[in-house]
>>> print(open('data14.txt').read())   # compact mmCIF, C-alpha atoms
# COMPACT_ATOMS: atom_id res chain seq x y z
CA MET A 1 0.00 0.00 0.00
CA GLY A 2 2.93 2.35 0.32
CA LEU A 3 4.11 4.61 3.11
CA THR A 4 2.08 5.34 6.21
CA ILE A 5 2.62 7.48 9.29
CA GLY A 6 2.46 6.17 12.83
CA VAL A 7 1.77 8.50 15.74
CA ASP A 8 2.78 7.79 19.33
CA ILE A 9 1.16 10.06 21.94
CA GLY A 10 3.43 10.28 24.96
CA GLY A 11 3.13 12.17 28.20
CA THR A 12 5.71 14.79 27.18
CA LYS A 13 5.94 14.50 23.39
CA ILE A 14 3.99 13.34 20.36
CA ALA A 15 6.09 11.51 17.77
CA ALA A 16 5.08 10.87 14.17
CA GLY A 17 7.11 8.72 11.82
CA VAL A 18 6.94 7.66 8.19
CA VAL A 19 7.14 3.86 8.03
CA ASP A 20 7.56 1.61 5.01
CA GLU A 21 6.05 -1.85 4.54
CA GLU A 22 9.12 -3.54 6.07
CA GLY A 23 8.76 -1.57 9.30
CA ASN A 24 11.60 0.86 8.62
CA ILE A 25 11.19 4.40 9.94
CA LEU A 26 12.16 6.82 7.17
CA SER A 27 11.60 10.14 8.94
CA THR A 28 10.21 11.44 12.22
CA HIS A 29 8.87 14.64 13.66
CA LYS A 30 8.20 15.34 17.34
CA VAL A 31 6.23 18.06 19.09
CA PRO A 32 5.56 18.71 22.79
CA THR A 33 2.38 17.19 24.21
CA PRO A 34 0.06 20.08 25.14
CA GLY A 35 -2.24 20.11 28.12
CA THR A 36 -5.73 20.24 26.58
CA PRO A 37 -7.57 17.66 24.44
CA GLU A 38 -8.19 20.00 21.51
CA ALA A 39 -4.60 21.20 21.53
CA ILE A 40 -3.45 17.57 21.41
CA VAL A 41 -5.44 17.08 18.20
CA ASP A 42 -3.70 20.10 16.71
CA ALA A 43 -0.32 18.77 17.89
CA ILE A 44 -0.98 15.39 16.26
CA ALA A 45 -1.74 17.15 12.98
CA SER A 46 1.43 19.24 13.31
CA ALA A 47 3.56 16.14 13.94
CA VAL A 48 2.03 14.35 10.94
CA GLU A 49 2.64 17.33 8.66
CA GLY A 50 6.24 17.59 9.84
CA ALA A 51 6.94 13.90 9.22
CA ARG A 52 5.23 13.64 5.84
CA ALA A 53 7.30 16.35 4.13
CA GLY A 54 8.78 14.88 0.95
CA HIS A 55 6.85 11.60 1.19
CA GLU A 56 3.74 10.28 -0.51
CA ILE A 57 1.58 9.05 2.38
CA VAL A 58 -1.48 6.79 2.09
CA GLY A 59 -2.70 6.75 5.69
CA VAL A 60 -2.10 7.52 9.35
CA GLY A 61 -2.29 5.25 12.40
CA ILE A 62 -2.56 6.79 15.88
CA GLY A 63 -1.68 4.89 19.05
CA ALA A 64 -3.79 6.27 21.90
CA ALA A 65 -3.63 5.22 25.55
CA GLY A 66 -7.25 4.39 26.30
CA TYR A 67 -10.27 2.41 25.21
CA VAL A 68 -10.76 2.66 21.44
CA ASN A 69 -13.90 1.46 19.69
CA ARG A 70 -13.88 -1.48 17.30
CA GLN A 71 -14.34 0.84 14.32
CA ARG A 72 -10.91 2.37 15.16
CA SER A 73 -12.35 5.86 15.21
CA THR A 74 -13.39 6.97 18.70
CA VAL A 75 -11.59 6.97 22.04
CA TYR A 76 -14.24 5.89 24.55
CA PHE A 77 -12.09 6.86 27.52
CA ALA A 78 -8.47 7.88 28.10
CA PRO A 79 -7.05 7.81 31.63
CA ASN A 80 -4.45 10.56 31.16
CA ILE A 81 -6.21 12.83 28.66
CA ASP A 82 -9.69 14.25 29.10
CA TRP A 83 -11.06 12.27 26.16
CA ARG A 84 -14.56 10.88 26.63
CA GLN A 85 -16.25 9.56 23.46
CA GLU A 86 -13.62 11.54 21.52
CA PRO A 87 -14.08 11.28 17.70
CA LEU A 88 -10.32 11.38 17.16
CA LYS A 89 -10.32 9.87 13.66
CA GLU A 90 -12.78 12.47 12.37
CA LYS A 91 -10.93 15.40 13.92
CA VAL A 92 -7.46 14.42 12.72
CA GLU A 93 -8.68 13.52 9.22
CA ALA A 94 -10.19 16.98 8.91
CA ARG A 95 -6.78 18.50 9.61
CA VAL A 96 -4.39 16.24 7.69
CA LYS A 97 -6.65 15.23 4.74
CA LEU A 98 -5.52 11.60 4.95
CA PRO A 99 -7.30 8.37 6.03
CA VAL A 100 -6.77 7.88 9.78
CA VAL A 101 -7.22 4.88 12.07
CA VAL A 102 -7.00 5.00 15.85
CA GLU A 103 -5.59 2.07 17.81
CA ASN A 104 -4.98 1.41 21.48
CA ASP A 105 -1.29 2.15 22.04
CA ALA A 106 -0.52 -1.24 23.63
CA ASN A 107 -2.25 -3.01 20.73
CA ALA A 108 -0.15 -0.98 18.33
CA ALA A 109 3.07 -1.89 20.15
CA ALA A 110 2.06 -5.55 20.23
CA TRP A 111 1.43 -5.54 16.48
CA GLY A 112 4.75 -3.85 15.81
CA GLU A 113 6.60 -6.54 17.79
CA TYR A 114 4.61 -9.36 16.18
CA LYS A 115 5.13 -8.11 12.65
CA PHE A 116 8.67 -6.71 12.76
CA GLY A 117 10.23 -7.60 16.11
CA ALA A 118 10.39 -10.49 18.56
CA GLY A 119 7.17 -12.07 17.29
CA LYS A 120 8.32 -12.74 13.75
CA GLY A 121 7.67 -16.40 12.89
CA HIS A 122 4.86 -16.80 15.44
CA ARG A 123 1.14 -17.03 14.66
CA ASN A 124 -0.12 -16.80 18.24
CA VAL A 125 1.55 -14.41 20.67
CA ILE A 126 0.54 -12.44 23.72
CA CYS A 127 2.39 -9.20 24.39
CA ILE A 128 2.59 -7.47 27.74
CA THR A 129 4.18 -4.10 28.38
CA LEU A 130 5.74 -3.65 31.81
CA GLY A 131 6.17 0.07 32.22
CA THR A 132 4.69 2.59 34.62
CA GLY A 133 1.55 0.48 34.26
CA LEU A 134 0.82 -2.82 32.51
CA GLY A 135 -0.73 -3.19 29.07
CA GLY A 136 -0.83 -5.76 26.33
CA GLY A 137 -2.07 -7.12 23.04
CA ILE A 138 -3.44 -10.37 21.64
CA ILE A 139 -2.43 -11.81 18.27
CA ILE A 140 -4.15 -15.10 17.48
CA GLY A 141 -4.03 -16.67 14.03
CA ASN A 142 -1.94 -13.76 12.73
CA LYS A 143 -4.69 -11.28 13.59
CA LEU A 144 -4.87 -8.59 16.26
CA ARG A 145 -7.83 -9.45 18.47
CA ARG A 146 -9.60 -6.36 19.77
CA GLY A 147 -12.77 -7.97 21.11
CA HIS A 148 -16.39 -7.22 20.27
CA PHE A 149 -16.30 -3.62 21.51
CA GLY A 150 -12.63 -3.01 20.69
CA VAL A 151 -11.31 -2.91 24.27
CA ALA A 152 -9.81 -6.38 24.77
CA ALA A 153 -6.34 -7.01 26.27
CA GLU A 154 -6.58 -4.51 29.13
CA PHE A 155 -4.48 -6.98 31.06
CA GLY A 156 -3.32 -4.48 33.65
CA HIS A 157 -6.83 -4.30 35.07
CA ILE A 158 -7.41 -7.99 35.60
CA ARG A 159 -8.11 -8.27 39.32
CA MET A 160 -5.36 -10.41 40.81
CA VAL A 161 -6.11 -9.70 44.48
CA PRO A 162 -9.71 -9.24 45.67
CA ASP A 163 -9.94 -6.07 47.75
CA GLY A 164 -6.25 -5.45 47.05
CA ILE A 165 -4.34 -2.25 46.38
CA LEU A 166 -6.44 0.61 44.99
CA CYS A 167 -5.74 1.17 41.29
CA GLY A 168 -5.95 4.40 39.33
CA CYS A 169 -8.84 2.89 37.37
CA GLY A 170 -10.94 2.86 40.57
CA SER A 171 -10.84 -0.90 41.11
CA GLN A 172 -8.78 -2.79 43.68
CA GLY A 173 -6.15 -5.48 43.25
CA CYS A 174 -5.43 -4.91 39.54
CA TRP A 175 -2.48 -6.80 38.07
CA GLU A 176 -0.57 -3.61 37.29
CA GLN A 177 -0.51 -2.75 40.98
CA TYR A 178 1.70 -5.82 41.49
CA ALA A 179 3.66 -6.07 38.22
CA SER A 180 4.73 -2.66 36.93
CA GLY A 181 7.32 0.04 37.41
CA ARG A 182 5.21 1.62 40.14
CA ALA A 183 4.97 -1.71 41.94
CA LEU A 184 8.73 -2.24 41.72
CA VAL A 185 9.44 1.11 43.38
CA ARG A 186 6.87 0.37 46.08
CA TYR A 187 8.47 -3.00 46.82
CA ALA A 188 11.93 -1.45 47.07
CA LYS A 189 10.79 1.36 49.37
CA GLN A 190 8.99 -1.07 51.67
CA ARG A 191 11.95 -3.43 51.88
CA ALA A 192 14.51 -0.67 52.31
CA ASN A 193 12.45 0.76 55.15
CA ALA A 194 12.16 -2.64 56.85
CA THR A 195 15.78 -3.77 56.38
CA PRO A 196 18.00 -0.79 55.52
CA GLU A 197 21.09 -2.88 56.23
CA ASN A 198 20.23 -4.92 53.09
CA ALA A 199 19.77 -1.82 50.95
CA GLU A 200 23.04 0.06 51.44
CA ILE A 201 23.84 0.26 47.73
CA LEU A 202 20.27 1.15 46.80
CA LEU A 203 19.99 3.89 49.41
CA SER A 204 23.35 5.36 48.43
CA LEU A 205 22.10 5.97 44.89
CA GLY A 206 19.29 8.25 46.05
CA ASP A 207 19.05 10.70 48.90
CA GLY A 208 19.77 8.06 51.54
CA THR A 209 16.13 7.50 52.46
CA PRO A 210 13.61 4.90 51.22
CA GLU A 211 11.39 7.75 50.02
CA GLY A 212 14.14 8.88 47.62
CA ILE A 213 14.33 5.54 45.76
CA GLU A 214 13.58 5.72 42.02
CA GLY A 215 13.27 3.02 39.40
CA LYS A 216 16.69 3.72 37.91
CA HIS A 217 18.28 3.26 41.33
CA ILE A 218 16.75 -0.21 41.70
CA SER A 219 18.17 -1.37 38.38
CA MET A 220 21.64 -0.05 39.15
CA ALA A 221 21.65 -1.50 42.65
CA ALA A 222 20.39 -4.91 41.55
CA ARG A 223 23.24 -5.22 39.07
CA GLN A 224 25.63 -4.60 41.96
CA GLY A 225 24.01 -7.32 44.07
CA ASP A 226 21.99 -5.16 46.45
CA LEU A 227 19.74 -7.62 48.31
CA VAL A 228 16.68 -5.37 48.53
CA ALA A 229 16.88 -4.40 44.85
CA VAL A 230 17.25 -8.02 43.72
CA ASP A 231 14.40 -9.14 45.97
CA SER A 232 12.17 -6.35 44.64
CA TYR A 233 12.69 -7.61 41.08
CA ARG A 234 11.88 -11.13 42.24
CA GLU A 235 8.63 -9.96 43.79
CA LEU A 236 7.62 -8.14 40.61
CA ALA A 237 8.57 -11.23 38.57
CA ARG A 238 6.52 -13.49 40.84
CA TRP A 239 3.38 -11.52 40.05
CA ALA A 240 4.21 -11.07 36.37
CA GLY A 241 4.84 -14.79 35.88
CA ALA A 242 1.67 -15.77 37.74
CA GLY A 243 -0.33 -13.51 35.42
CA LEU A 244 1.28 -15.03 32.35
CA ALA A 245 0.28 -18.49 33.59
CA ASP A 246 -3.34 -17.32 33.74
CA LEU A 247 -3.09 -15.86 30.23
CA ALA A 248 -1.66 -19.17 29.00
CA SER A 249 -4.79 -20.91 30.26
CA LEU A 250 -6.89 -18.47 28.25
CA PHE A 251 -4.94 -18.13 24.99
CA ASP A 252 -2.29 -20.89 24.80
CA PRO A 253 0.22 -18.78 22.81
CA SER A 254 3.52 -20.02 21.45
CA ALA A 255 5.28 -16.99 22.97
CA PHE A 256 4.88 -14.17 25.43
CA ILE A 257 6.65 -10.99 24.37
CA VAL A 258 7.60 -8.75 27.29
CA GLY A 259 8.06 -5.09 26.39
CA GLY A 260 7.92 -1.76 28.17
CA GLY A 261 10.67 -0.03 30.11
CA LEU A 262 11.25 -2.91 32.52
CA SER A 263 12.08 -5.28 29.64
CA ASP A 264 15.18 -3.16 29.01
CA GLU A 265 16.68 -4.86 32.07
CA GLY A 266 16.90 -8.11 30.09
CA GLU A 267 17.54 -11.30 32.04
CA LEU A 268 17.47 -9.43 35.34
CA VAL A 269 13.69 -9.39 35.00
CA LEU A 270 13.01 -12.05 32.33
CA ASP A 271 14.71 -14.99 34.03
CA PRO A 272 12.68 -14.75 37.26
CA ILE A 273 9.49 -14.13 35.23
CA ARG A 274 10.10 -17.38 33.34
CA LYS A 275 10.61 -19.27 36.59
CA SER A 276 7.45 -17.85 38.12
CA TYR A 277 5.47 -18.55 34.95
CA LYS A 278 6.57 -22.19 34.95
CA ARG A 279 5.86 -22.43 38.67
CA TRP A 280 2.25 -21.28 38.31
CA LEU A 281 1.42 -22.85 34.93
CA VAL A 282 -1.13 -25.61 35.42
CA GLY A 283 0.44 -28.89 34.31
CA GLY A 284 3.68 -27.06 33.59
CA ASN A 285 5.83 -30.19 34.01
CA TRP A 286 3.81 -32.11 31.44
CA ARG A 287 2.78 -29.66 28.73
CA PRO A 288 4.54 -27.47 26.16
CA VAL A 289 5.60 -24.16 27.69
CA ALA A 290 5.46 -20.92 25.73
CA ASP A 291 8.65 -18.92 25.29
CA VAL A 292 8.97 -15.73 27.34
CA ILE A 293 11.07 -13.36 25.25
CA ALA A 294 12.10 -9.72 25.31
CA ALA A 295 10.62 -7.20 22.91
CA GLN A 296 13.03 -5.92 20.28
CA LEU A 297 11.69 -2.60 18.99
CA GLY A 298 11.88 -0.61 22.21
CA ASN A 299 10.16 2.78 22.17
CA GLU A 300 9.55 2.51 18.42
CA ALA A 301 7.15 -0.44 18.67
CA GLY A 302 4.01 1.63 19.08
CA LEU A 303 4.82 4.03 16.27
CA VAL A 304 5.77 1.24 13.84
CA GLY A 305 2.76 -0.85 14.81
CA ALA A 306 0.30 2.02 14.46
CA ALA A 307 1.69 2.86 11.03
CA ASP A 308 1.38 -0.74 9.85
CA LEU A 309 -2.14 -1.11 11.25
CA ALA A 310 -3.15 1.85 9.08
CA ARG A 311 -2.64 -0.56 6.16
CA GLU A 312 -4.84 -3.26 7.69
CA PRO A 313 -8.44 -3.60 6.44
CA ASP A 314 -11.33 -2.45 8.61
CA PRO A 315 -11.70 -5.21 11.24
CA ILE A 316 -15.50 -5.00 11.30
CA MET A 317 -16.84 -8.09 9.57
>>> encode(input="data14.txt", output="structure tokens")
Amino acid sequence: MGLTIGVDIGGTKIAAGVVDEEGNILSTHKVPTPGTPEAIVDAIASAVEGARAGHEIVGVGIGAAGYVNRQRSTVYFAPNIDWRQEPLKEKVEARVKLPVVVENDANAAAWGEYKFGAGKGHRNVICITLGTGLGGGIIIGNKLRRGHFGVAAEFGHIRMVPDGILCGCGSQGCWEQYASGRALVRYAKQRANATPENAEILLSLGDGTPEGIEGKHISMAARQGDLVAVDSYRELARWAGAGLADLASLFDPSAFIVGGGLSDEGELVLDPIRKSYKRWLVGGNWRPVADVIAAQLGNEAGLVGAADLAREPDPIM
């Protein structure tokens, strides 16, 4: 179909990139993320116009953090932007004069990894993104599965613990409260407060107090053998692996692809996730076990995936 543009809406910047049919990014343009919904629409249009200069573009795919309808046109609800029943496709098309599709950002990242990254060669993969929160995507039979209303794969809000920790979504005990960047920092702060003698390296990297611990400190300390940092990763991995075991019972994929910022830590996080997954997988000693592999595209997965999904036919049958 030719060149398309993918748009990734981040908390501080909006990135648009021209992507070819092999997943290569040919040019990009970034603009700051403004503070109001209407200004964000204008910023998306500005980023698209900046990226498309000198290229013949056939469509635009937008990755939006939120619930997107099955028609890939309207954002039902976005947690970090005041979008409620936002007709994003219509508004952006009016500005850029190109066909536009809107995708959930985690779905877009999952598709990018499946098509051009770690998922190449697989027909059935489940992607999870371990970042500040927890998201994901479902590819079964080489197709992205959005569900009847378009809002499938909100894995982060599966309730893992009844009456557990309050989540930003308003529910309690959601998976992302136990397996995410926020959870990792919470574990480290709790452990450092309880046993500061086991967190000397970790505490030295911040301001010397548990309250000053940041995610980057935990990674650095764990690689130096800090007991609290290592144990915090193990706790996160225990919950992440247990969740994957549940997803295996639902979808039976050949691979789980783990992306998001925490996947950048490689085997520090992946190895204990694999062990936890095998531990909690029903019949795990007697059945085939899906691979648990790191994502390959990094921060570009969502942009590349959104651009490629702009080439996909309308999923409504």
>>> residues_near_point(input="data14.txt", point="(1.9, -1.6, 21.1)", cutoff="8 Å", atoms="only C-alpha atoms", output="list of chain:residue names")
A:Gly63, A:Asn104, A:Asp105, A:Ala106, A:Asn107, A:Ala108, A:Ala109, A:Ala110, A:Trp111, A:Gly112, A:Glu113, A:Gly136, A:Gly137, A:Ala301, A:Gly302, A:Leu303, A:Gly305, A:Ala306
>>> residues_around(input="data14.txt", residues="Ala53 of chain A", least_positions_apart="2", cutoff="10 Å", atoms="all atoms listed in the file", output="ChimeraX atom specification")
/A:18,27-29,48-51,55-57
>>> residues_around(input="data14.txt", residues="Asp82 of chain A", least_positions_apart="2", cutoff="12 Å", atoms="only C-alpha atoms", output="PDB file with C-alpha atoms, in the coordinates of the input")
ATOM      1  CA  GLY A  35      -2.240  20.110  28.120  1.00  0.00           C
ATOM      2  CA  THR A  36      -5.730  20.240  26.580  1.00  0.00           C
ATOM      3  CA  PRO A  37      -7.570  17.660  24.440  1.00  0.00           C
ATOM      4  CA  GLU A  38      -8.190  20.000  21.510  1.00  0.00           C
ATOM      5  CA  ALA A  39      -4.600  21.200  21.530  1.00  0.00           C
ATOM      6  CA  ILE A  40      -3.450  17.570  21.410  1.00  0.00           C
ATOM      7  CA  ALA A  65      -3.630   5.220  25.550  1.00  0.00           C
ATOM      8  CA  GLY A  66      -7.250   4.390  26.300  1.00  0.00           C
ATOM      9  CA  VAL A  75     -11.590   6.970  22.040  1.00  0.00           C
ATOM     10  CA  TYR A  76     -14.240   5.890  24.550  1.00  0.00           C
ATOM     11  CA  PHE A  77     -12.090   6.860  27.520  1.00  0.00           C
ATOM     12  CA  ALA A  78      -8.470   7.880  28.100  1.00  0.00           C
ATOM     13  CA  PRO A  79      -7.050   7.810  31.630  1.00  0.00           C
ATOM     14  CA  ASN A  80      -4.450  10.560  31.160  1.00  0.00           C
ATOM     15  CA  ARG A  84     -14.560  10.880  26.630  1.00  0.00           C
ATOM     16  CA  GLN A  85     -16.250   9.560  23.460  1.00  0.00           C
ATOM     17  CA  GLU A  86     -13.620  11.540  21.520  1.00  0.00           C
TER      18      GLU A  86
END
>>> atom_distance(input="data14.txt", atom1="atom CA of Arg159 of chain A", atom2="atom CA of Arg70 of chain A")
23.8 Å
>>> closest_residue(input="data14.txt", among="A:Glu21, A:Glu197, A:Asp252, A:Asp314", to="Pro99 of chain A", atoms="all atoms listed in the file")
A:Asp314
>>> closest_atom_pairs(input="data14.txt", of="segment 198-251 of chain A", to="segment 161-170 of chain A", cutoff="12 Å", atoms="only C-alpha atoms", output="CSV")
residue,atom,partner,partner_atom,distance
A:Trp239,CA,A:Val161,CA,10.6
A:Ala242,CA,A:Val161,CA,11.9
A:Gly243,CA,A:Val161,CA,11.4
>>> atom_distance(input="data14.txt", atom1="atom CA of Ala47 of chain A", atom2="atom CA of Met1 of chain A")
21.6 Å
>>> residues_near_point(input="data14.txt", point="(10.1, 7.5, 15.1)", cutoff="9 Å", atoms="only C-alpha atoms", output="compact mmCIF listing (two decimals) with C-alpha atoms, keeping the file's coordinate frame")
# COMPACT_ATOMS: atom_id res chain seq x y z
CA GLY A 6 2.46 6.17 12.83
CA VAL A 7 1.77 8.50 15.74
CA ASP A 8 2.78 7.79 19.33
CA ALA A 15 6.09 11.51 17.77
CA ALA A 16 5.08 10.87 14.17
CA GLY A 17 7.11 8.72 11.82
CA VAL A 18 6.94 7.66 8.19
CA VAL A 19 7.14 3.86 8.03
CA ILE A 25 11.19 4.40 9.94
CA LEU A 26 12.16 6.82 7.17
CA SER A 27 11.60 10.14 8.94
CA THR A 28 10.21 11.44 12.22
CA HIS A 29 8.87 14.64 13.66
CA LYS A 30 8.20 15.34 17.34
CA ASN A 299 10.16 2.78 22.17
CA GLU A 300 9.55 2.51 18.42
CA LEU A 303 4.82 4.03 16.27
CA VAL A 304 5.77 1.24 13.84
